[in-house]
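Peer 1: Quick one, query-v7.cif (mmCIF, C-alpha atoms):
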```cif
data_model
loop_
_atom_site.label_atom_id
_atom_site.label_comp_id
_atom_site.auth_asym_id
_atom_site.auth_seq_id
_atom_site.Cartn_x
_atom_site.Cartn_y
_atom_site.Cartn_z
CA MET U 14 -30.73 47.30 34.30
CA THR U 15 -27.73 45.31 35.60
CA GLY U 16 -25.32 45.21 38.45
CA TYR U 17 -27.40 46.01 41.52
CA LYS U 18 -25.73 44.52 44.55
CA VAL U 19 -28.08 43.34 47.27
CA LEU U 20 -27.20 42.21 50.79
CA VAL U 21 -29.58 39.84 52.60
CA VAL U 22 -28.93 39.63 56.34
CA GLU U 23 -30.90 36.80 57.98
CA ASP U 24 -29.89 34.17 60.51
CA SER U 25 -32.42 31.55 59.42
CA PRO U 26 -31.01 29.72 56.35
CA THR U 27 -34.54 28.79 55.25
CA MET U 28 -35.82 32.35 55.37
CA ARG U 29 -32.62 33.60 53.74
CA GLN U 30 -33.13 31.16 50.87
CA LEU U 31 -36.77 32.20 50.54
CA ILE U 32 -35.75 35.87 50.23
CA VAL U 33 -32.85 35.14 47.86
CA PHE U 34 -35.05 32.95 45.67
CA ALA U 35 -37.66 35.72 45.48
CA LEU U 36 -35.04 38.39 44.64
CA LYS U 37 -33.55 36.24 41.90
CA ARG U 38 -36.73 36.87 39.94
CA ILE U 39 -35.51 40.41 39.38
CA ARG U 40 -32.92 40.42 36.61
CA GLY U 41 -29.49 41.81 37.27
CA PHE U 42 -29.45 41.41 41.04
CA GLN U 43 -26.21 40.16 42.56
CA ILE U 44 -27.15 38.79 45.94
CA VAL U 45 -24.79 38.37 48.87
CA GLU U 46 -25.92 36.61 52.06
CA ALA U 47 -24.98 37.33 55.68
CA ASN U 48 -25.85 35.28 58.80
CA ASP U 49 -26.14 38.13 61.29
CA GLY U 50 -25.49 41.83 61.86
CA VAL U 51 -21.72 41.50 62.32
CA ASP U 52 -21.37 39.36 59.21
CA GLY U 53 -23.53 41.93 57.42
CA LEU U 54 -21.29 44.84 58.49
CA LYS U 55 -18.20 42.96 57.33
CA LYS U 56 -19.69 42.44 53.92
CA LEU U 57 -20.92 46.02 53.74
CA SER U 58 -17.41 47.30 54.35
CA ALA U 59 -15.86 44.94 51.80
CA GLN U 60 -17.98 46.16 48.88
CA LYS U 61 -20.66 48.73 48.10
CA PHE U 62 -24.29 47.53 48.10
CA ASP U 63 -27.31 49.17 46.47
CA LEU U 64 -29.95 47.55 48.67
CA ILE U 65 -30.03 45.91 52.09
CA LEU U 66 -32.66 43.51 53.42
CA THR U 67 -32.36 42.55 57.06
CA ASP U 68 -34.12 40.59 59.77
CA ILE U 69 -34.37 42.05 63.30
CA ASN U 70 -34.01 39.10 65.68
CA MET U 71 -30.55 37.74 65.05
CA PRO U 72 -27.72 36.53 67.27
CA ILE U 73 -24.53 38.55 67.90
CA MET U 74 -25.94 41.78 66.41
CA ASP U 75 -29.62 42.37 65.74
CA GLY U 76 -31.09 44.06 62.71
CA LEU U 77 -31.94 47.36 64.42
CA LYS U 78 -28.33 47.84 65.54
CA LEU U 79 -27.25 47.04 61.99
CA VAL U 80 -29.68 49.60 60.51
CA SER U 81 -28.45 52.24 62.93
CA MET U 82 -24.77 51.54 62.14
CA VAL U 83 -25.37 51.46 58.40
CA ARG U 84 -27.11 54.83 58.52
CA ASN U 85 -24.12 56.31 60.39
CA ASP U 86 -21.81 55.21 57.59
CA PRO U 87 -21.47 58.04 55.01
CA ASN U 88 -21.28 55.41 52.23
CA TYR U 89 -24.74 54.09 53.09
CA LYS U 90 -26.65 57.26 54.01
CA GLU U 91 -29.01 56.88 51.04
CA THR U 92 -28.97 53.11 50.50
CA PRO U 93 -32.48 51.62 50.76
CA ILE U 94 -32.94 49.29 53.73
CA ILE U 95 -35.87 46.87 54.04
CA VAL U 96 -36.54 45.21 57.38
CA ILE U 97 -38.24 41.80 57.21
CA THR U 98 -39.27 40.54 60.62
CA THR U 99 -41.69 38.57 62.77
CA GLU U 100 -42.21 41.66 64.97
CA GLY U 101 -45.60 43.01 63.93
CA ALA U 102 -46.14 45.65 66.62
CA THR U 103 -46.51 49.28 65.53
CA GLU U 104 -43.80 50.44 67.93
CA ASP U 105 -41.30 47.98 66.38
CA ARG U 106 -42.11 49.32 62.92
CA GLU U 107 -41.79 52.92 64.07
CA ARG U 108 -38.50 52.19 65.80
CA ALA U 109 -37.01 50.58 62.70
CA LEU U 110 -38.18 53.41 60.46
CA ALA U 111 -36.90 56.02 62.93
CA LEU U 112 -33.48 54.37 62.89
CA GLY U 113 -33.36 54.72 59.13
CA ALA U 114 -35.05 51.72 57.54
CA ASN U 115 -37.03 52.63 54.41
CA GLU U 116 -39.59 49.85 54.56
CA TYR U 117 -40.83 47.35 57.13
CA ILE U 118 -42.31 44.02 56.05
CA THR U 119 -43.62 41.42 58.47
CA LYS U 120 -43.31 37.63 58.31
CA PRO U 121 -44.54 35.10 57.26
CA ILE U 122 -42.82 35.71 53.97
CA GLN U 123 -44.80 37.83 51.50
CA THR U 124 -42.97 37.35 48.21
CA MET U 125 -45.14 39.71 46.19
CA LYS U 126 -44.86 42.42 48.83
CA ILE U 127 -41.06 42.04 48.95
CA LEU U 128 -40.72 42.25 45.17
CA GLU U 129 -43.10 45.19 44.95
CA THR U 130 -41.21 47.06 47.70
CA VAL U 131 -37.81 46.33 46.17
CA ARG U 132 -38.97 47.54 42.75
CA LYS U 133 -40.45 50.69 44.27
CA LEU U 134 -37.32 51.56 46.27
CA MET U 135 -34.96 50.81 43.39
CA GLY U 136 -37.18 52.57 40.83
CA ILE U 137 -37.23 49.52 38.53
CA MET L 18 -139.13 125.77 37.49
CA SER L 19 -141.95 125.48 34.94
CA ILE L 20 -143.19 122.28 33.41
CA HIS L 21 -141.54 123.27 30.16
CA ASP L 22 -138.25 123.69 31.82
CA GLU L 23 -138.61 120.32 33.51
CA GLU L 24 -139.36 118.63 30.19
CA ASN L 25 -136.26 120.20 28.66
CA ASP L 26 -134.17 118.99 31.56
CA VAL L 27 -135.47 115.38 31.24
CA ALA L 28 -134.90 115.48 27.49
CA GLY L 29 -131.35 116.70 28.05
CA ARG L 30 -130.64 113.85 30.48
CA ALA L 31 -132.15 111.34 28.08
CA ASP L 32 -129.86 112.67 25.34
CA GLU L 33 -126.91 112.40 27.63
CA PHE L 34 -127.90 108.84 28.53
CA LEU L 35 -128.33 107.97 24.88
CA GLN L 36 -124.93 109.42 24.09
CA VAL L 37 -123.34 107.31 26.87
CA PHE L 38 -125.26 104.22 25.73
CA LYS L 39 -124.12 104.81 22.12
CA LYS L 40 -120.54 105.16 23.22
CA GLY L 41 -120.92 101.95 25.25
CA ALA L 42 -122.39 100.17 22.26
CA GLU L 43 -119.57 101.42 20.00
CA PHE L 44 -116.98 100.29 22.60
CA THR L 45 -118.62 96.85 22.79
CA GLN L 46 -118.62 96.67 18.99
CA ASP L 47 -114.91 97.54 19.00
CA LEU L 48 -114.23 94.89 21.62
CA LEU L 49 -116.09 92.25 19.63
CA LYS L 50 -114.15 93.21 16.51
CA GLU L 51 -110.86 93.05 18.37
CA ASN L 52 -111.86 89.71 19.81
CA GLU L 53 -112.71 88.40 16.36
CA ARG L 54 -109.44 89.76 14.98
CA LEU L 55 -107.46 88.08 17.74
CA ARG L 56 -109.30 84.80 17.30
CA PHE L 57 -108.52 84.96 13.62
CA ARG L 58 -104.90 85.62 14.46
CA VAL L 59 -104.80 82.68 16.86
CA VAL L 60 -106.27 80.41 14.22
CA LYS L 61 -103.74 81.70 11.72
CA LEU L 62 -100.88 81.15 14.13
CA GLU L 63 -102.09 77.63 14.91
CA GLU L 64 -102.27 76.92 11.24
CA THR L 65 -98.78 78.30 10.73
CA LEU L 66 -97.48 76.17 13.59
CA LYS L 67 -99.21 73.14 12.21
CA GLU L 68 -97.70 73.83 8.85
CA LYS L 69 -94.27 74.26 10.37
CA GLY L 70 -94.68 71.11 12.42
CA HIS L 71 -95.69 69.28 9.36
CA ASP L 72 -92.55 70.51 7.63
CA VAL L 73 -90.16 69.32 10.38
CA ALA L 74 -91.73 65.91 10.63
CA ALA L 75 -91.92 65.52 6.93
CA GLU L 76 -90.07 62.29 5.98
CA THR L 77 -88.16 63.24 2.93
CA PRO L 78 -85.75 60.61 1.48
CA ASP L 79 -82.78 62.53 2.96
CA THR L 80 -84.19 62.56 6.45
CA LEU L 81 -85.18 58.93 6.16
CA GLU L 82 -81.63 58.11 5.13
CA LEU L 83 -80.25 60.14 8.01
CA LYS L 84 -82.61 58.49 10.43
CA LYS L 85 -81.49 55.07 9.27
CA LYS L 86 -77.86 56.06 9.62
CA ILE L 87 -78.48 57.34 13.14
CA GLU L 88 -80.24 54.11 14.08
CA ALA L 89 -77.38 52.05 12.60
CA LEU L 90 -74.81 54.16 14.43
CA GLU L 91 -76.76 53.84 17.67
CA GLN L 92 -76.77 50.07 17.28
CA GLU L 93 -73.09 50.05 16.42
CA LYS L 94 -72.38 52.20 19.49
CA GLU L 95 -74.31 49.77 21.70
CA THR L 96 -72.41 46.81 20.22
CA ILE L 97 -69.05 48.54 20.74
CA LEU L 98 -69.97 49.52 24.29
CA GLY L 99 -70.98 45.92 24.95
CA GLN L 100 -67.66 44.70 23.55
CA ILE L 101 -65.76 47.23 25.66
CA ARG L 102 -67.61 46.03 28.76
CA GLN L 103 -66.81 42.43 27.85
CA VAL L 104 -63.12 43.24 27.23
CA GLU L 105 -62.93 45.15 30.53
CA GLU L 106 -64.49 42.19 32.31
CA GLU L 107 -62.06 39.80 30.65
CA ASN L 108 -59.21 42.14 31.51
CA GLN L 109 -60.29 42.16 35.15
CA ASN L 110 -60.56 38.37 35.13
CA PHE L 111 -57.08 38.10 33.60
CA ALA L 112 -55.70 40.50 36.23
CA ASN L 113 -57.29 38.47 39.03
CA ARG L 114 -56.06 35.24 37.50
CA TYR L 115 -52.57 36.74 37.14
CA VAL L 116 -52.51 37.58 40.84
CA GLU L 117 -53.78 34.09 41.70
CA ILE L 118 -51.13 32.46 39.50
CA GLU L 119 -48.45 34.71 40.96
CA GLU L 120 -49.52 33.67 44.45
CA GLU L 121 -49.52 30.00 43.50
CA ASN L 122 -46.17 30.44 41.79
CA ASN L 123 -44.78 32.07 44.93
CA MET L 124 -46.23 29.33 47.07
CA LEU L 125 -44.64 26.65 44.88
CA ALA L 126 -41.31 28.48 44.93
CA ASN L 127 -41.50 28.76 48.72
CA LEU L 128 -42.48 25.13 48.99
CA TYR L 129 -39.55 24.18 46.77
CA ILE L 130 -37.16 26.09 49.05
CA ALA L 131 -38.73 24.58 52.16
CA SER L 132 -38.55 21.01 50.86
CA TYR L 133 -35.04 21.62 49.53
CA GLN L 134 -33.98 22.80 52.98
CA LEU L 135 -35.73 19.88 54.68
CA HIS L 136 -33.96 17.35 52.50
CA SER L 137 -30.62 19.16 52.52
CA THR L 138 -29.48 17.38 55.66
CA LEU L 139 -29.65 14.00 57.35
CA ASP L 140 -29.00 15.48 60.77
CA PHE L 141 -32.12 14.90 62.85
CA LYS L 142 -31.67 18.05 64.98
CA GLU L 143 -31.08 20.15 61.90
CA VAL L 144 -34.25 18.80 60.30
CA LEU L 145 -36.22 19.73 63.42
CA GLN L 146 -34.68 23.23 63.32
CA ILE L 147 -35.69 23.60 59.67
CA ILE L 148 -39.27 22.55 60.53
CA LEU L 149 -39.34 25.28 63.20
CA GLU L 150 -37.98 27.86 60.72
CA ILE L 151 -40.58 26.90 58.14
CA ALA L 152 -43.40 27.14 60.68
CA ILE L 153 -42.28 30.66 61.67
CA ASN L 154 -41.31 32.09 58.29
CA LEU L 155 -43.75 30.40 55.97
CA ILE L 156 -46.77 29.68 58.13
CA GLY L 157 -46.49 32.56 60.62
CA ALA L 158 -46.61 30.43 63.78
CA GLU L 159 -45.38 31.99 67.02
CA GLU L 160 -45.99 29.30 69.64
CA PHE L 161 -45.88 25.71 68.47
CA GLY L 162 -44.32 22.32 68.95
CA VAL L 163 -43.37 19.13 67.14
CA LEU L 164 -44.42 15.82 68.66
CA LEU L 165 -43.09 12.54 67.30
CA LEU L 166 -44.49 9.07 67.74
CA ASP L 167 -42.49 6.80 70.00
CA GLU L 168 -43.19 3.42 68.45
CA LYS L 169 -42.25 1.55 71.62
CA THR L 170 -44.76 3.34 73.83
CA ASN L 171 -47.11 4.36 70.99
CA ARG L 172 -47.22 7.86 72.49
CA LEU L 173 -46.55 11.24 70.94
CA GLU L 174 -43.56 12.84 72.63
CA PRO L 175 -42.57 16.52 72.26
CA VAL L 176 -39.17 16.89 70.55
CA ALA L 177 -38.96 20.56 69.51
CA SER L 178 -40.82 23.82 70.09
CA GLU L 179 -40.79 27.57 69.59
CA GLY L 180 -42.35 30.19 71.85
CA VAL L 181 -42.99 27.56 74.53
CA GLU L 182 -40.69 25.19 76.41
CA THR L 183 -40.58 21.70 74.91
CA SER L 184 -40.86 20.31 78.43
CA GLU L 185 -44.19 22.13 78.88
CA LEU L 186 -45.77 20.21 76.03
CA PRO L 187 -47.69 17.08 76.97
CA SER L 188 -47.07 13.47 75.91
CA ILE L 189 -50.19 12.23 74.21
CA ASP L 190 -51.64 8.81 73.46
CA ILE L 191 -52.89 8.10 69.95
CA GLY L 192 -56.60 8.89 69.86
CA GLN L 193 -56.42 11.02 73.01
CA GLY L 194 -57.99 14.46 72.70
CA ILE L 195 -57.74 16.71 69.66
CA ILE L 196 -54.05 16.00 68.99
CA GLY L 197 -54.36 12.23 69.44
CA GLU L 198 -57.47 12.16 67.25
CA ALA L 199 -55.74 14.12 64.46
CA VAL L 200 -52.84 11.66 64.53
CA LYS L 201 -55.20 8.67 64.59
CA SER L 202 -57.27 9.94 61.65
CA GLY L 203 -54.32 11.47 59.79
CA GLU L 204 -56.49 14.51 59.05
CA ASN L 205 -55.42 18.13 59.60
CA TYR L 206 -57.27 19.87 62.41
CA PHE L 207 -58.12 23.58 62.43
CA ILE L 208 -60.00 25.28 65.23
CA ASP L 209 -63.41 26.64 64.12
CA SER L 210 -62.77 30.18 65.33
CA MET L 211 -59.58 31.74 66.64
CA GLU L 212 -61.52 34.50 68.38
CA GLY L 213 -61.20 34.38 72.16
CA TYR L 214 -58.85 31.37 71.98
CA GLU L 215 -56.71 30.83 75.06
CA ARG L 216 -53.71 28.56 74.91
CA ASP L 217 -54.37 25.03 76.09
CA PHE L 218 -51.62 22.52 75.34
CA THR L 219 -54.19 19.79 74.71
CA LYS L 220 -56.39 22.00 72.49
CA PRO L 221 -54.21 23.67 69.84
CA LEU L 222 -55.30 26.00 67.05
CA VAL L 223 -53.94 23.64 64.43
CA CYS L 224 -52.72 20.02 64.26
CA ILE L 225 -50.84 18.88 61.19
CA PRO L 226 -50.08 15.15 61.23
CA LEU L 227 -46.70 14.28 59.71
CA LYS L 228 -47.56 11.49 57.31
CA ILE L 229 -45.61 9.23 54.98
CA LYS L 230 -48.37 7.85 52.80
CA GLU L 231 -50.85 6.62 55.45
CA HIS L 232 -48.25 6.16 58.17
CA VAL L 233 -48.30 8.98 60.72
CA ILE L 234 -44.96 9.58 62.45
CA GLY L 235 -45.78 12.71 64.41
CA VAL L 236 -47.64 16.00 64.49
CA ILE L 237 -47.03 19.75 64.41
CA VAL L 238 -49.24 21.57 66.93
CA ILE L 239 -49.71 25.35 66.74
CA TYR L 240 -50.91 27.34 69.75
CA LYS L 241 -50.41 30.91 68.60
CA LEU L 242 -49.87 32.76 65.32
CA LEU L 243 -47.83 35.92 64.80
CA THR L 244 -49.78 39.09 65.72
CA GLN L 245 -50.03 40.17 62.08
CA LYS L 246 -51.30 36.75 61.00
CA ASN L 247 -54.89 36.67 62.18
CA GLU L 248 -56.33 34.07 59.84
CA PHE L 249 -55.41 31.27 57.48
CA THR L 250 -55.67 31.70 53.73
CA ASN L 251 -56.55 28.99 51.22
CA VAL L 252 -52.87 28.80 50.28
CA ASP L 253 -52.01 28.04 53.93
CA TYR L 254 -54.20 24.93 54.01
CA GLU L 255 -52.47 23.56 50.89
CA LEU L 256 -49.09 24.55 52.25
CA PHE L 257 -49.69 22.74 55.55
CA THR L 258 -50.47 19.45 53.85
CA LEU L 259 -47.61 19.67 51.36
CA LEU L 260 -45.09 20.68 54.01
CA ALA L 261 -46.24 17.99 56.41
CA GLY L 262 -45.42 15.35 53.79
CA HIS L 263 -41.93 16.72 53.19
CA ALA L 264 -41.29 17.25 56.90
CA ALA L 265 -42.38 13.69 57.65
CA THR L 266 -40.01 12.09 55.13
CA ALA L 267 -37.16 14.37 56.24
CA VAL L 268 -37.72 13.50 59.91
CA PHE L 269 -38.08 9.79 59.12
CA SER L 270 -34.96 9.53 56.99
CA SER L 271 -32.83 11.66 59.30
CA ARG L 272 -33.93 9.59 62.27
CA MET L 273 -33.14 6.38 60.39
CA TYR L 274 -29.77 7.80 59.38
CA SER L 275 -29.00 8.90 62.94
CA ASP L 276 -29.97 5.47 64.25
CA SER L 277 -27.86 3.68 61.67
CA GLU L 278 -24.95 6.04 62.38
CA ARG L 279 -25.27 5.29 66.06
CA LYS L 280 -25.46 1.54 65.41
CA LEU L 281 -22.54 1.76 63.03
CA SER L 282 -20.44 3.57 65.58
CA THR L 283 -21.37 0.95 68.21
CA ILE L 284 -20.45 -1.88 65.84
CA GLN L 285 -17.25 -0.04 64.93
CA GLY L 286 -16.49 0.22 68.63
CA PHE L 287 -16.96 -3.52 69.02
CA ILE L 288 -14.82 -4.26 66.02
CA ASP L 289 -12.09 -1.95 67.32
CA LEU L 290 -12.31 -3.69 70.68
CA LEU L 291 -12.08 -7.14 69.10
CA THR L 292 -9.26 -6.30 66.72
CA LYS L 293 -7.13 -4.52 69.29
#
```
Can I see the file as structure tokens?
Peer 2:
Amino acid sequence: MTGYKVLVVEDSPTMRQLIVFALKRIRGFQIVEANDGVDGLKKLSAQKFDLILTDINMPIMDGLKLVSMVRNDPNYKETPIIVITTEGATEDRERALALGANEYITKPIQTMKILETVRKLMGI
Amino acid sequence: MSIHDEENDVAGRADEFLQVFKKGAEFTQDLLKENERLRFRVVKLEETLKEKGHDVAAETPDTLELKKKIEALEQEKETILGQIRQVEEENQNFANRYVEIEEENNMLANLYIASYQLHSTLDFKEVLQIILEIAINLIGAEEFGVLLLDEKTNRLEPVASEGVETSELPSIDIGQGIIGEAVKSGENYFIDSMEGYERDFTKPLVCIPLKIKEHVIGVIVIYKLLTQKNEFTNVDYELFTLLAGHAATAVFSSRMYSDSERKLSTIQGFIDLLTK
């Protein structure tokens, strides 16, 4: 199992590092970081990713807009998207899932939950 | 009817009666015989049953051997079942321990990242921003503030916040109220029950003094947790203390650096002025 490309979109450098550090425990993951939705879209168009993890509350372009745009891109119709956010309300979860996110994980960071979800979605 | 005829009639009836009585007697005899025959049969059957019973229970060397084997196998089965139960219990304990170690491992990894981030800069504002990020992403705080000790006035002054305006937070004297007491004692404060709590800037849910050894330089006060975070776990209590230590040294050194930078720039200004 090698060569999965993962994009982590998160404006907080601390949270981004926490996610990246957790993902590095899975062998063969090549992780690319983005600061916000626009940065994320740029990186998504530059190369093909196998998994996307994104926050919701971000400057310039939020995570929900990003999810919606990614799902409208034929290249990313089937790519798993995990939303990791502080927003714990049911309606936020439903909205994200309706827009095309595959999983919704709330903060504070839950490393085991993230790894478990990633493994499940990637079938590894 | 003549007397002779009457006598004949009585004699006839007596004969008839005798015949009936004889038949009755014969029938009774038959019944007694049948009864005796059946009793005999019952006795015979009982004997046969006894004999058969005696045969089954008979302890021949083969059956004794078999019985011993069965007993040994039963004991062996019990021992194996006991071992299986023990192994299953151990397995469960290992699984629980694995989860605990994984959680601790994750906590240490997260703590490493948090402390790495805290010490990655000497910019005071950046350090404060990292403390806010850690409180949100690692602790799950929604409304909170950072108060630092002003050594000139000996008061705690709000310097950063999230979810509330920094200007809304009060300045607090050391020893004053819950926050002042926590800073004075250097001990973490946690509210007894979060149920029914209403935000009061002088009575937070949590106070984490920022300590360098025994020297307290400030405090993190939390007024509200994220909706999905409704209680603290054991890991949280450890995390608070460990983070507070790292945050304190990061704040202290960045403040020192900022001060020295400012002083250096002032001195440089003077030098420039003098050498011009």
Peer 1: Within 10 Å of stretch 263-274 of chain L, counting only C-alpha atoms, which residues show up once you throw out same-chain ones fewer than 5 positions away? Write them as a compact mmCIF listing (two decimals) with C-alpha atoms, keeping the file's coordinate frame, please.
Peer 2:
```txt
# COMPACT_ATOMS: atom_id res chain seq x y z
CA LEU L 128 -42.48 25.13 48.99
CA ALA L 131 -38.73 24.58 52.16
CA SER L 132 -38.55 21.01 50.86
CA TYR L 133 -35.04 21.62 49.53
CA GLN L 134 -33.98 22.80 52.98
CA LEU L 135 -35.73 19.88 54.68
CA HIS L 136 -33.96 17.35 52.50
CA SER L 137 -30.62 19.16 52.52
CA THR L 138 -29.48 17.38 55.66
CA LEU L 139 -29.65 14.00 57.35
CA ASP L 140 -29.00 15.48 60.77
CA PHE L 141 -32.12 14.90 62.85
CA LYS L 142 -31.67 18.05 64.98
CA GLU L 143 -31.08 20.15 61.90
CA VAL L 144 -34.25 18.80 60.30
CA LEU L 145 -36.22 19.73 63.42
CA ILE L 147 -35.69 23.60 59.67
CA ILE L 148 -39.27 22.55 60.53
CA ILE L 151 -40.58 26.90 58.14
CA LEU L 165 -43.09 12.54 67.30
CA PRO L 226 -50.08 15.15 61.23
CA LEU L 227 -46.70 14.28 59.71
CA LYS L 228 -47.56 11.49 57.31
CA ILE L 229 -45.61 9.23 54.98
CA LYS L 230 -48.37 7.85 52.80
CA HIS L 232 -48.25 6.16 58.17
CA VAL L 233 -48.30 8.98 60.72
CA ILE L 234 -44.96 9.58 62.45
CA GLY L 235 -45.78 12.71 64.41
CA VAL L 236 -47.64 16.00 64.49
CA ILE L 237 -47.03 19.75 64.41
CA THR L 258 -50.47 19.45 53.85
CA ARG L 279 -25.27 5.29 66.06
CA LYS L 280 -25.46 1.54 65.41
```
Peer 1: With a cut-off of 8 Å and counting all atoms listed in the file, select all residues of chain L in contact with chain U and give the selection as a PyMOL selection string.
Peer 2: chain L and resi 119-120+123+126-127+130-131+134+147+150-151+153-157+243-246
Peer 1: Taking (-42.1, 35.0, 36.7) in the coordinates of the supplied file, I want to know which residues reach to within 9 Å of it, counting all atoms listed in the file; could you give the answer as a list in words?
Peer 2: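 Within 9 Å of (-42.1, 35.0, 36.7), the protein and nucleic acid residues are Arg38 and Ile39 of chain U; Glu119 and Asn122 of chain L.
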Peer 1: With C-alpha atoms retained, export the selected residues as a short mmCIF file (atom, residue, chain, number, x, y, z; two decimals), in the coordinates of the input.
Peer 2:
```cif
data_model
loop_
_atom_site.label_atom_id
_atom_site.label_comp_id
_atom_site.auth_asym_id
_atom_site.auth_seq_id
_atom_site.Cartn_x
_atom_site.Cartn_y
_atom_site.Cartn_z
CA ARG U 38 -36.73 36.87 39.94
CA ILE U 39 -35.51 40.41 39.38
CA GLU L 119 -48.45 34.71 40.96
CA ASN L 122 -46.17 30.44 41.79
#
```
Peer 1: Mind telling me what the PyMOL selection byres ((chain L and resi 206) around 8) catches here, as a PyMOL selection string?
Peer 2: chain L and resi 195+199+204-205+207-208+222-225
Peer 1: Apply the PyMOL selection byres ((chain U and resi 82-89) around 9) to the file shown and report the selected residues as a PDB file with C-alpha atoms, in the coordinates of the input.
Peer 2:
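Below is the file selection06.pdb, written as the result:
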```
ATOM      1  CA  LEU U  54     -21.290  44.840  58.490  1.00  0.00           C
ATOM      2  CA  LEU U  57     -20.920  46.020  53.740  1.00  0.00           C
ATOM      3  CA  LYS U  61     -20.660  48.730  48.100  1.00  0.00           C
ATOM      4  CA  PHE U  62     -24.290  47.530  48.100  1.00  0.00           C
ATOM      5  CA  ASP U  63     -27.310  49.170  46.470  1.00  0.00           C
ATOM      6  CA  LEU U  77     -31.940  47.360  64.420  1.00  0.00           C
ATOM      7  CA  LYS U  78     -28.330  47.840  65.540  1.00  0.00           C
ATOM      8  CA  LEU U  79     -27.250  47.040  61.990  1.00  0.00           C
ATOM      9  CA  VAL U  80     -29.680  49.600  60.510  1.00  0.00           C
ATOM     10  CA  SER U  81     -28.450  52.240  62.930  1.00  0.00           C
ATOM     11  CA  LYS U  90     -26.650  57.260  54.010  1.00  0.00           C
ATOM     12  CA  GLU U  91     -29.010  56.880  51.040  1.00  0.00           C
ATOM     13  CA  THR U  92     -28.970  53.110  50.500  1.00  0.00           C
ATOM     14  CA  PRO U  93     -32.480  51.620  50.760  1.00  0.00           C
ATOM     15  CA  LEU U 112     -33.480  54.370  62.890  1.00  0.00           C
ATOM     16  CA  GLY U 113     -33.360  54.720  59.130  1.00  0.00           C
ATOM     17  CA  ALA U 114     -35.050  51.720  57.540  1.00  0.00           C
TER      18      ALA U 114
END
```
Peer 1: May I have the residues within 12 Å of L:Phe218 as a list in words, using all atoms listed in the file and disregarding those fewer than 5 positions away in the same chain?
Peer 2: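 Residues meeting the cut-off are Glu160, Phe161, Gly162, Leu164, Pro175, Val181, Glu182, Thr183, Ser184, Glu185, Leu186, Pro187, Ser188, Ile189, Gly194, Ile195, Ile196, Val223, Cys224, Val238, Ile239, Tyr240 and Lys241 of chain L.
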Peer 1: Those selected residues, please, written with C-alpha atoms and delivered as a PDB file, in the coordinates of the input.
Peer 2:
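result21.pdb, written as the output of this step:
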```pdb
ATOM      1  CA  GLU L 160     -45.990  29.300  69.640  1.00  0.00           C
ATOM      2  CA  PHE L 161     -45.880  25.710  68.470  1.00  0.00           C
ATOM      3  CA  GLY L 162     -44.320  22.320  68.950  1.00  0.00           C
ATOM      4  CA  LEU L 164     -44.420  15.820  68.660  1.00  0.00           C
ATOM      5  CA  PRO L 175     -42.570  16.520  72.260  1.00  0.00           C
ATOM      6  CA  VAL L 181     -42.990  27.560  74.530  1.00  0.00           C
ATOM      7  CA  GLU L 182     -40.690  25.190  76.410  1.00  0.00           C
ATOM      8  CA  THR L 183     -40.580  21.700  74.910  1.00  0.00           C
ATOM      9  CA  SER L 184     -40.860  20.310  78.430  1.00  0.00           C
ATOM     10  CA  GLU L 185     -44.190  22.130  78.880  1.00  0.00           C
ATOM     11  CA  LEU L 186     -45.770  20.210  76.030  1.00  0.00           C
ATOM     12  CA  PRO L 187     -47.690  17.080  76.970  1.00  0.00           C
ATOM     13  CA  SER L 188     -47.070  13.470  75.910  1.00  0.00           C
ATOM     14  CA  ILE L 189     -50.190  12.230  74.210  1.00  0.00           C
ATOM     15  CA  GLY L 194     -57.990  14.460  72.700  1.00  0.00           C
ATOM     16  CA  ILE L 195     -57.740  16.710  69.660  1.00  0.00           C
ATOM     17  CA  ILE L 196     -54.050  16.000  68.990  1.00  0.00           C
ATOM     18  CA  VAL L 223     -53.940  23.640  64.430  1.00  0.00           C
ATOM     19  CA  CYS L 224     -52.720  20.020  64.260  1.00  0.00           C
ATOM     20  CA  VAL L 238     -49.240  21.570  66.930  1.00  0.00           C
ATOM     21  CA  ILE L 239     -49.710  25.350  66.740  1.00  0.00           C
ATOM     22  CA  TYR L 240     -50.910  27.340  69.750  1.00  0.00           C
ATOM     23  CA  LYS L 241     -50.410  30.910  68.600  1.00  0.00           C
TER      24      LYS L 241
END
```
Peer 1: Just give me the gap between atom CA of U:Gly16 and atom CA of U:Arg40 in Å, one decimal is fine.
Peer 2: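 So the two atoms, atom CA of U:Gly16 and atom CA of U:Arg40, lie 9.2 Å apart.
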Peer 1: Run through the PyMOL selection byres ((chain U and resi 24) around 6) on the given coordinates and return the selected residues as a compact mmCIF listing (two decimals) with C-alpha atoms, in the frame of the given file.
Peer 2:
```
# COMPACT_ATOMS: atom_id res chain seq x y z
CA GLU U 23 -30.90 36.80 57.98
CA SER U 25 -32.42 31.55 59.42
CA ASN U 48 -25.85 35.28 58.80
CA ASP U 49 -26.14 38.13 61.29
CA MET U 71 -30.55 37.74 65.05
```
